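Trainee: My structure is stored as entry.csv, with CSV, C-alpha atoms.
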chain,number,residue,atom,x,y,z
A,196,MET,CA,32.0,-11.4,-27.5
A,197,SER,CA,32.9,-15.0,-27.5
A,198,GLN,CA,32.5,-17.1,-30.6
A,199,GLN,CA,30.8,-19.8,-28.7
A,200,GLN,CA,28.6,-19.5,-25.6
A,201,THR,CA,28.8,-22.0,-22.8
A,202,PRO,CA,25.9,-23.5,-20.9
A,203,SER,CA,26.7,-21.3,-17.8
A,204,ALA,CA,26.2,-18.2,-20.0
A,205,THR,CA,22.5,-18.9,-20.4
A,206,GLY,CA,19.7,-17.7,-18.1
A,207,SER,CA,18.6,-21.2,-17.0
A,208,ASP,CA,17.8,-21.8,-13.3
A,209,GLN,CA,19.9,-24.9,-12.6
A,210,THR,CA,18.4,-25.4,-9.1
A,211,THR,CA,14.8,-25.8,-10.1
A,212,GLY,CA,15.3,-27.0,-13.7
A,213,THR,CA,13.3,-24.1,-15.1
A,214,VAL,CA,14.0,-23.5,-18.8
A,215,GLN,CA,14.2,-20.0,-20.1
A,216,VAL,CA,12.4,-19.9,-23.5
A,217,VAL,CA,12.3,-17.3,-26.2
A,218,LEU,CA,9.3,-17.4,-28.6
A,219,VAL,CA,9.2,-15.7,-32.0
A,220,ASP,CA,6.2,-15.9,-34.3
A,221,ASN,CA,5.0,-13.7,-37.2
A,222,ASP,CA,1.4,-14.6,-36.4
A,223,ILE,CA,0.4,-12.4,-33.4
A,224,LEU,CA,-2.6,-14.5,-32.5
A,225,ALA,CA,-0.5,-17.7,-32.6
A,226,LEU,CA,2.2,-16.0,-30.6
A,227,LYS,CA,-0.3,-15.0,-27.9
A,228,MET,CA,-1.9,-18.5,-27.8
A,229,LEU,CA,1.4,-20.3,-27.6
A,230,ARG,CA,2.7,-18.0,-24.9
A,231,GLU,CA,-0.4,-18.5,-22.8
A,232,ILE,CA,-0.3,-22.3,-23.2
A,233,MET,CA,3.5,-22.6,-22.5
A,234,SER,CA,3.4,-20.2,-19.5
A,235,ALA,CA,1.0,-22.6,-17.8
A,236,TRP,CA,3.4,-25.5,-18.1
A,237,PRO,CA,5.6,-26.2,-15.1
A,238,ARG,CA,9.3,-25.3,-15.2
A,239,VAL,CA,8.8,-23.0,-18.2
A,240,ALA,CA,9.6,-19.3,-18.2
A,241,ILE,CA,8.9,-17.2,-21.3
A,242,THR,CA,11.7,-14.6,-21.1
A,243,TRP,CA,10.6,-12.5,-24.1
A,244,THR,CA,8.6,-12.8,-27.4
A,245,GLU,CA,8.8,-11.0,-30.7
A,246,HIS,CA,6.5,-11.1,-33.8
A,247,ASN,CA,9.1,-9.8,-36.3
A,248,GLY,CA,12.3,-11.6,-37.3
A,249,SER,CA,14.5,-8.5,-37.5
A,250,ASP,CA,13.4,-7.3,-34.1
A,251,ALA,CA,13.9,-10.8,-32.7
A,252,PHE,CA,17.4,-11.0,-34.0
A,253,ASP,CA,18.2,-7.5,-32.6
A,254,HIS,CA,16.8,-8.6,-29.2
A,255,TYR,CA,19.0,-11.7,-29.4
A,256,ARG,CA,22.1,-9.7,-30.1
A,257,GLN,CA,21.4,-7.8,-26.8
A,258,CYS,CA,21.4,-11.1,-25.0
A,259,GLU,CA,24.6,-12.1,-26.7
A,260,SER,CA,26.3,-8.9,-25.7
A,261,GLY,CA,25.4,-9.4,-22.0
A,262,ILE,CA,22.6,-6.8,-21.8
A,263,ARG,CA,20.1,-9.5,-21.3
A,264,ASP,CA,20.4,-13.2,-20.3
A,265,LEU,CA,20.7,-15.8,-23.0
A,266,PRO,CA,17.8,-18.2,-23.2
A,267,ASP,CA,18.0,-21.9,-22.9
A,268,LEU,CA,15.8,-22.6,-25.9
A,269,PHE,CA,15.0,-20.4,-28.9
A,270,ILE,CA,11.7,-21.2,-30.6
A,271,THR,CA,11.0,-19.4,-33.9
A,272,ASP,CA,8.5,-19.5,-36.7
A,273,ILE,CA,10.1,-20.6,-40.0
A,274,SER,CA,8.4,-18.1,-42.3
A,275,MET,CA,8.4,-14.5,-41.1
A,276,ARG,CA,8.5,-11.0,-42.4
A,277,GLY,CA,11.5,-8.9,-41.5
A,278,LEU,CA,13.8,-11.9,-41.3
A,279,SER,CA,13.0,-15.6,-41.9
A,280,GLY,CA,13.5,-18.1,-39.1
A,281,VAL,CA,16.0,-20.0,-41.2
A,282,ASP,CA,18.2,-17.0,-41.9
A,283,MET,CA,17.9,-15.9,-38.2
A,284,SER,CA,19.0,-19.3,-37.1
A,285,ARG,CA,22.1,-19.3,-39.3
A,286,ALA,CA,23.1,-15.9,-38.0
A,287,ILE,CA,22.6,-17.0,-34.4
A,288,ARG,CA,24.4,-20.3,-34.9
A,289,TYR,CA,27.4,-18.5,-36.4
A,290,THR,CA,28.2,-17.2,-32.9
A,291,ASN,CA,26.4,-19.7,-30.6
A,292,GLY,CA,27.2,-23.4,-30.4
A,293,THR,CA,25.2,-24.5,-27.4
A,294,MET,CA,21.6,-23.1,-27.4
A,295,PRO,CA,19.1,-25.4,-29.1
A,296,ILE,CA,16.9,-23.7,-31.8
A,297,LEU,CA,13.5,-25.1,-32.6
A,298,GLY,CA,11.6,-24.2,-35.7
A,299,ILE,CA,7.8,-24.1,-35.6
A,300,THR,CA,5.4,-23.8,-38.6
A,301,SER,CA,1.7,-23.9,-39.6
A,302,TYR,CA,2.7,-25.9,-42.7
A,303,GLU,CA,4.0,-29.5,-43.1
A,304,PRO,CA,7.2,-29.5,-41.0
A,305,THR,CA,9.1,-32.0,-43.1
A,306,GLN,CA,9.3,-29.6,-46.1
A,307,PHE,CA,11.6,-27.4,-44.0
A,308,TYR,CA,13.8,-30.1,-42.5
A,309,HIS,CA,16.7,-29.7,-44.9
A,310,ASP,CA,16.9,-25.8,-44.9
A,311,ALA,CA,16.4,-25.7,-41.1
A,312,ALA,CA,19.0,-28.3,-40.4
A,313,ASP,CA,21.5,-26.6,-42.7
A,314,ALA,CA,20.8,-23.3,-40.8
A,315,GLY,CA,21.6,-24.9,-37.4
A,316,MET,CA,18.2,-25.8,-36.0
A,317,GLN,CA,17.7,-28.9,-34.0
A,318,ALA,CA,14.1,-29.7,-34.9
A,319,VAL,CA,11.0,-28.4,-36.7
A,320,ILE,CA,7.5,-29.2,-35.5
A,321,GLY,CA,4.0,-28.0,-36.3
A,322,LYS,CA,2.5,-25.3,-34.1
A,323,ASN,CA,-0.4,-27.7,-33.4
A,324,GLU,CA,2.0,-30.4,-32.0
A,325,LEU,CA,1.7,-29.2,-28.4
A,326,SER,CA,2.6,-32.5,-26.8
A,327,ALA,CA,5.8,-32.7,-28.9
A,328,LEU,CA,6.6,-29.0,-28.0
A,329,LYS,CA,6.1,-29.7,-24.3
A,330,SER,CA,8.3,-32.8,-24.5
A,331,ILE,CA,11.1,-30.8,-26.2
A,332,ILE,CA,11.0,-28.1,-23.6
A,333,MET,CA,11.0,-30.6,-20.7
A,334,GLU,CA,14.0,-32.4,-22.3
A,335,VAL,CA,15.9,-29.1,-22.3
A,336,ALA,CA,14.8,-28.4,-18.7
A,337,ASP,CA,16.0,-31.8,-17.6
A,338,THR,CA,19.3,-32.1,-19.6
A,339,GLY,CA,20.1,-28.6,-20.9
A,340,ALA,CA,20.3,-30.0,-24.4
A,341,LEU,CA,18.0,-31.5,-27.1
A,342,ALA,CA,18.5,-34.9,-28.6
A,343,VAL,CA,18.5,-34.7,-32.4
A,344,ARG,CA,17.8,-37.1,-35.3
A,345,PRO,CA,19.0,-36.8,-38.9
A,346,PRO,CA,19.1,-34.5,-40.8
A,347,PHE,CA,19.5,-32.3,-37.7
A,348,GLU,CA,22.7,-32.0,-35.8
A,349,VAL,CA,23.7,-30.9,-32.3
A,350,PRO,CA,24.4,-27.1,-31.9
A,351,GLY,CA,28.2,-27.4,-31.5
A,352,ARG,CA,28.6,-29.3,-34.8
A,353,THR,CA,26.5,-26.9,-36.8
A,354,HIS,CA,28.2,-24.0,-35.2
A,355,LEU,CA,31.6,-25.2,-36.4
A,356,ARG,CA,30.3,-25.9,-39.9
A,357,ILE,CA,28.6,-22.5,-40.3
A,358,ARG,CA,31.7,-20.7,-39.1
A,359,GLN,CA,33.8,-22.6,-41.7
A,360,GLU,CA,31.3,-21.5,-44.3
A,361,GLY,CA,31.9,-17.8,-43.5
A,362,LEU,CA,30.0,-14.9,-42.1
A,363,PRO,CA,26.3,-15.1,-43.0
A,364,TYR,CA,25.4,-12.2,-45.2
A,365,ILE,CA,22.7,-11.0,-42.8
A,366,LEU,CA,25.5,-10.2,-40.4
A,367,SER,CA,27.7,-8.5,-42.9
A,368,LEU,CA,25.2,-6.1,-44.5
A,369,SER,CA,25.2,-2.6,-43.3
A,370,GLN,CA,22.0,-0.9,-42.2
A,371,GLN,CA,22.1,1.3,-45.3
A,372,GLU,CA,22.5,-1.7,-47.5
A,373,LYS,CA,19.6,-3.4,-45.8
A,374,GLN,CA,17.5,-0.3,-46.2
A,375,VAL,CA,18.2,0.1,-49.9
A,376,LEU,CA,17.5,-3.6,-50.6
A,377,THR,CA,14.2,-3.4,-48.7
A,378,MET,CA,13.2,-0.4,-50.7
A,379,CYS,CA,14.2,-2.2,-53.9
A,380,SER,CA,12.1,-5.2,-52.8
A,381,HIS,CA,9.1,-2.8,-52.5
A,382,GLY,CA,9.6,-1.6,-56.1
A,383,TYR,CA,11.4,1.6,-55.7
A,384,SER,CA,13.9,2.6,-58.4
A,385,ASN,CA,17.5,3.7,-57.7
A,386,ALA,CA,16.5,7.3,-58.4
A,387,ASP,CA,13.5,7.1,-56.1
A,388,ILE,CA,15.7,5.7,-53.3
A,389,ALA,CA,18.3,8.3,-53.8
A,390,GLN,CA,15.7,11.0,-53.5
A,391,VAL,CA,14.2,9.6,-50.3
A,392,LEU,CA,17.6,9.0,-48.6
A,393,ASP,CA,18.9,12.4,-49.9
A,394,VAL,CA,22.0,10.8,-51.5
A,395,SER,CA,23.3,10.6,-55.1
A,396,PRO,CA,22.2,7.7,-57.4
A,397,SER,CA,25.8,6.6,-57.6
A,398,THR,CA,25.8,6.1,-53.8
A,399,ILE,CA,22.7,3.8,-54.1
A,400,ASN,CA,24.6,1.9,-56.9
A,401,THR,CA,27.5,1.5,-54.5
A,402,TYR,CA,25.3,0.1,-51.7
A,403,ILE,CA,23.7,-2.4,-54.1
A,404,THR,CA,27.1,-3.5,-55.5
A,405,ARG,CA,28.5,-4.0,-52.0
A,406,ALA,CA,25.4,-5.9,-50.9
A,407,SER,CA,25.5,-8.1,-53.9
A,408,ARG,CA,29.1,-9.0,-53.3
A,409,LYS,CA,28.4,-9.9,-49.6
A,410,MET,CA,25.4,-12.0,-50.6
A,411,GLY,CA,27.4,-13.9,-53.2
A,412,VAL,CA,25.3,-12.9,-56.2
A,413,ALA,CA,26.2,-11.3,-59.5
A,414,SER,CA,23.5,-8.7,-60.1
A,415,LYS,CA,21.0,-6.4,-58.5
A,416,ARG,CA,18.1,-8.6,-59.6
A,417,GLU,CA,19.6,-11.6,-57.8
A,418,ALA,CA,20.4,-9.5,-54.7
A,419,VAL,CA,16.9,-8.1,-54.5
A,420,ALA,CA,15.3,-11.5,-55.1
A,421,LEU,CA,17.4,-13.1,-52.3
A,422,TRP,CA,16.7,-10.2,-49.9
A,423,THR,CA,12.9,-10.4,-50.7
A,424,LYS,CA,13.0,-14.0,-49.7
A,425,THR,CA,15.0,-13.3,-46.6
A,426,ILE,CA,12.6,-10.8,-45.2
A,427,GLY,CA,9.5,-12.7,-46.3
A,428,LEU,CA,7.9,-10.3,-48.7
Can the structure from this file be put into structure tokens for me?

Mentor:
Amino acid sequence: MSQQQTPSATGSDQTTGTVQVVLVDNDILALKMLREIMSAWPRVAITWTEHNGSDAFDHYRQCESGIRDLPDLFITDISMRGLSGVDMSRAIRYTNGTMPILGITSYEPTQFYHDAADAGMQAVIGKNELSALKSIIMEVADTGALAVRPPFEVPGRTHLRIRQEGLPYILSLSQQEKQVLTMCSHGYSNADIAQVLDVSPSTINTYITRASRKMGVASKREAVALWTKTIGL
């Protein structure tokens, strides 16, 4: 797997200028509405959709590994259960330095500018800003890129910055560590989790300690709080 994808690695149709778009939204009704509207626009192909951040990231990893084509534009809801759009963007941008990522939200977009830009997105707009959404997609169809304004940066620059910052913890956590943190977020005690997973309580403590270290926090409470925010509980 290369550390940075090239434009030729995406699924775009360079002959017709069709842009391959991925759409991720926690709101199933909004997802359906946006897909129907965008599918009616010329030169737009919705390659796949997801309504859960974790599933969307797993789907993206299949694209990255070559199982599926990479999209030309990744559109994601900012606030989602399973994995937030911001954390997903940072994980994607760690390995991909070309694909534009657009954040969408039902709330005031400006409140997310800083976090979204820091995570490697190129813009954030409201879900009701359909003319702006269409303009962005057409720009990507025409040029293969997306012009950005501060505080946002081009994909290549954010890719280099995020790689210098180190592996995002969402990529370093094991499946067992994620499972334990999720159960902690739902209020299960270490003893309860050990019983459910049929392991010893000391094993659960080990998972939490390792996860805390990867997340850069000093305690279980901090790790669970950060994970709860990450998965949108």

Trainee: Near Met283 in chain A, counting all atoms listed in the file, which residues have an atom at most 9 Å away, once you skip same-chain residues fewer than 6 positions from it, shown as a list of chain:residue names?

Mentor: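 That gives A:Gly248, A:Ser249, A:Ala251, A:Phe252, A:Thr271, A:Ala314, A:Ile365.
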
Trainee: Which neighbours of range 342-345 of chain A fall inside 8 Å, counting only C-alpha atoms, when residues of the same chain fewer than 2 positions from it are skipped, and could you give them as a list in words?

Mentor: Gln317, Ala318, Ala340, Phe347, Glu348 and Val349 of chain A

Trainee: Could you pull the residues within 12 Å of Val375 in chain A, counting all atoms listed in the file, minus those fewer than 5 positions along the same chain, as a ChimeraX atom specification?

Mentor: /A:368-370,380-392,394,396,398-407,415,418-419,422-423

Trainee: Given the selection you just returned, output its residues as a file containing C-alpha atoms, formatted as a compact mmCIF listing (two decimals), keeping the file's coordinate frame.

Mentor:
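The resulting file, selection_18.txt, is reproduced below:
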# COMPACT_ATOMS: atom_id res chain seq x y z
CA LEU A 368 25.20 -6.10 -44.50
CA SER A 369 25.20 -2.60 -43.30
CA GLN A 370 22.00 -0.90 -42.20
CA SER A 380 12.10 -5.20 -52.80
CA HIS A 381 9.10 -2.80 -52.50
CA GLY A 382 9.60 -1.60 -56.10
CA TYR A 383 11.40 1.60 -55.70
CA SER A 384 13.90 2.60 -58.40
CA ASN A 385 17.50 3.70 -57.70
CA ALA A 386 16.50 7.30 -58.40
CA ASP A 387 13.50 7.10 -56.10
CA ILE A 388 15.70 5.70 -53.30
CA ALA A 389 18.30 8.30 -53.80
CA GLN A 390 15.70 11.00 -53.50
CA VAL A 391 14.20 9.60 -50.30
CA LEU A 392 17.60 9.00 -48.60
CA VAL A 394 22.00 10.80 -51.50
CA PRO A 396 22.20 7.70 -57.40
CA THR A 398 25.80 6.10 -53.80
CA ILE A 399 22.70 3.80 -54.10
CA ASN A 400 24.60 1.90 -56.90
CA THR A 401 27.50 1.50 -54.50
CA TYR A 402 25.30 0.10 -51.70
CA ILE A 403 23.70 -2.40 -54.10
CA THR A 404 27.10 -3.50 -55.50
CA ARG A 405 28.50 -4.00 -52.00
CA ALA A 406 25.40 -5.90 -50.90
CA SER A 407 25.50 -8.10 -53.90
CA LYS A 415 21.00 -6.40 -58.50
CA ALA A 418 20.40 -9.50 -54.70
CA VAL A 419 16.90 -8.10 -54.50
CA TRP A 422 16.70 -10.20 -49.90
CA THR A 423 12.90 -10.40 -50.70

Trainee: Taking only C-alpha atoms into account, name the residue in A:Gly280, A:Phe307, A:Lys322, A:Arg263 that is nearest to Arg230 in chain A.

Mentor: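 Ranked by minimum distance to Arg230 in chain A, first place goes to A:Lys322.
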
Trainee: Under the rule that all atoms listed in the file are counted, which of A:Met275, A:Val217, A:Ile223, A:Ala413 is the nearest residue to Pro295 in chain A?

Mentor: A:Val217

Trainee: Could you check which of A:Asn291, A:Thr338, A:Gln374, A:Ser395 is closest to Val214 in chain A, using all atoms listed in the file?

Mentor: A:Thr338

Trainee: Quick check, in Å to one decimal: how far apart do CA of Ser330 in chain A and CA of Leu297 in chain A lie?

Mentor: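 These two atoms are separated by 12.3 Å.
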
Trainee: Will you model N, CA and C atoms for range 263-284 of chain A and pass it back as an mmCIF file, keeping the file's coordinate frame?

Mentor:
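Result saved to selection.cif:
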data_model
loop_
_atom_site.group_PDB
_atom_site.id
_atom_site.type_symbol
_atom_site.label_atom_id
_atom_site.label_comp_id
_atom_site.auth_asym_id
_atom_site.auth_seq_id
_atom_site.Cartn_x
_atom_site.Cartn_y
_atom_site.Cartn_z
ATOM 1 N N ARG A 263 21.138 -8.659 -21.781
ATOM 2 C CA ARG A 263 20.100 -9.500 -21.300
ATOM 3 C C ARG A 263 20.657 -10.949 -21.156
ATOM 4 N N ASP A 264 19.970 -11.812 -20.374
ATOM 5 C CA ASP A 264 20.400 -13.200 -20.300
ATOM 6 C C ASP A 264 20.104 -13.977 -21.527
ATOM 7 N N LEU A 265 21.002 -14.881 -21.883
ATOM 8 C CA LEU A 265 20.700 -15.800 -23.000
ATOM 9 C C LEU A 265 19.677 -16.796 -22.623
ATOM 10 N N PRO A 266 18.772 -17.126 -23.531
ATOM 11 C CA PRO A 266 17.800 -18.200 -23.200
ATOM 12 C C PRO A 266 18.379 -19.559 -23.302
ATOM 13 N N ASP A 267 17.632 -20.526 -22.794
ATOM 14 C CA ASP A 267 18.000 -21.900 -22.900
ATOM 15 C C ASP A 267 17.513 -22.582 -24.152
ATOM 16 N N LEU A 268 16.420 -22.039 -24.686
ATOM 17 C CA LEU A 268 15.800 -22.600 -25.900
ATOM 18 C C LEU A 268 15.210 -21.449 -26.701
ATOM 19 N N PHE A 269 15.528 -21.427 -27.978
ATOM 20 C CA PHE A 269 15.000 -20.400 -28.900
ATOM 21 C C PHE A 269 14.054 -21.039 -29.841
ATOM 22 N N ILE A 270 12.790 -20.607 -29.772
ATOM 23 C CA ILE A 270 11.700 -21.200 -30.600
ATOM 24 C C ILE A 270 11.308 -20.101 -31.620
ATOM 25 N N THR A 271 11.378 -20.417 -32.904
ATOM 26 C CA THR A 271 11.000 -19.400 -33.900
ATOM 27 C C THR A 271 10.187 -19.984 -35.034
ATOM 28 N N ASP A 272 9.253 -19.175 -35.477
ATOM 29 C CA ASP A 272 8.500 -19.500 -36.700
ATOM 30 C C ASP A 272 9.458 -19.573 -37.858
ATOM 31 N N ILE A 273 9.179 -20.449 -38.792
ATOM 32 C CA ILE A 273 10.100 -20.600 -40.000
ATOM 33 C C ILE A 273 9.903 -19.464 -40.938
ATOM 34 N N SER A 274 8.674 -19.143 -41.305
ATOM 35 C CA SER A 274 8.400 -18.100 -42.300
ATOM 36 C C SER A 274 7.926 -16.842 -41.660
ATOM 37 N N MET A 275 8.736 -15.772 -41.759
ATOM 38 C CA MET A 275 8.400 -14.500 -41.100
ATOM 39 C C MET A 275 8.782 -13.340 -41.995
ATOM 40 N N ARG A 276 8.099 -12.236 -41.832
ATOM 41 C CA ARG A 276 8.500 -11.000 -42.400
ATOM 42 C C ARG A 276 9.600 -10.351 -41.574
ATOM 43 N N GLY A 277 10.450 -9.576 -42.202
ATOM 44 C CA GLY A 277 11.500 -8.900 -41.500
ATOM 45 C C GLY A 277 12.806 -9.730 -41.534
ATOM 46 N N LEU A 278 12.718 -11.014 -41.265
ATOM 47 C CA LEU A 278 13.800 -11.900 -41.300
ATOM 48 C C LEU A 278 13.291 -13.328 -41.112
ATOM 49 N N SER A 279 13.558 -14.246 -42.017
ATOM 50 C CA SER A 279 13.000 -15.600 -41.900
ATOM 51 C C SER A 279 13.647 -16.308 -40.697
ATOM 52 N N GLY A 280 12.924 -17.287 -40.154
ATOM 53 C CA GLY A 280 13.500 -18.100 -39.100
ATOM 54 C C GLY A 280 14.733 -18.813 -39.460
ATOM 55 N N VAL A 281 14.800 -19.254 -40.722
ATOM 56 C CA VAL A 281 16.000 -20.000 -41.200
ATOM 57 C C VAL A 281 17.194 -19.074 -41.237
ATOM 58 N N ASP A 282 17.056 -17.869 -41.799
ATOM 59 C CA ASP A 282 18.200 -17.000 -41.900
ATOM 60 C C ASP A 282 18.598 -16.466 -40.479
ATOM 61 N N MET A 283 17.620 -16.272 -39.608
ATOM 62 C CA MET A 283 17.900 -15.900 -38.200
ATOM 63 C C MET A 283 18.695 -16.975 -37.520
ATOM 64 N N SER A 284 18.282 -18.218 -37.730
ATOM 65 C CA SER A 284 19.000 -19.300 -37.100
ATOM 66 C C SER A 284 20.426 -19.422 -37.547
#
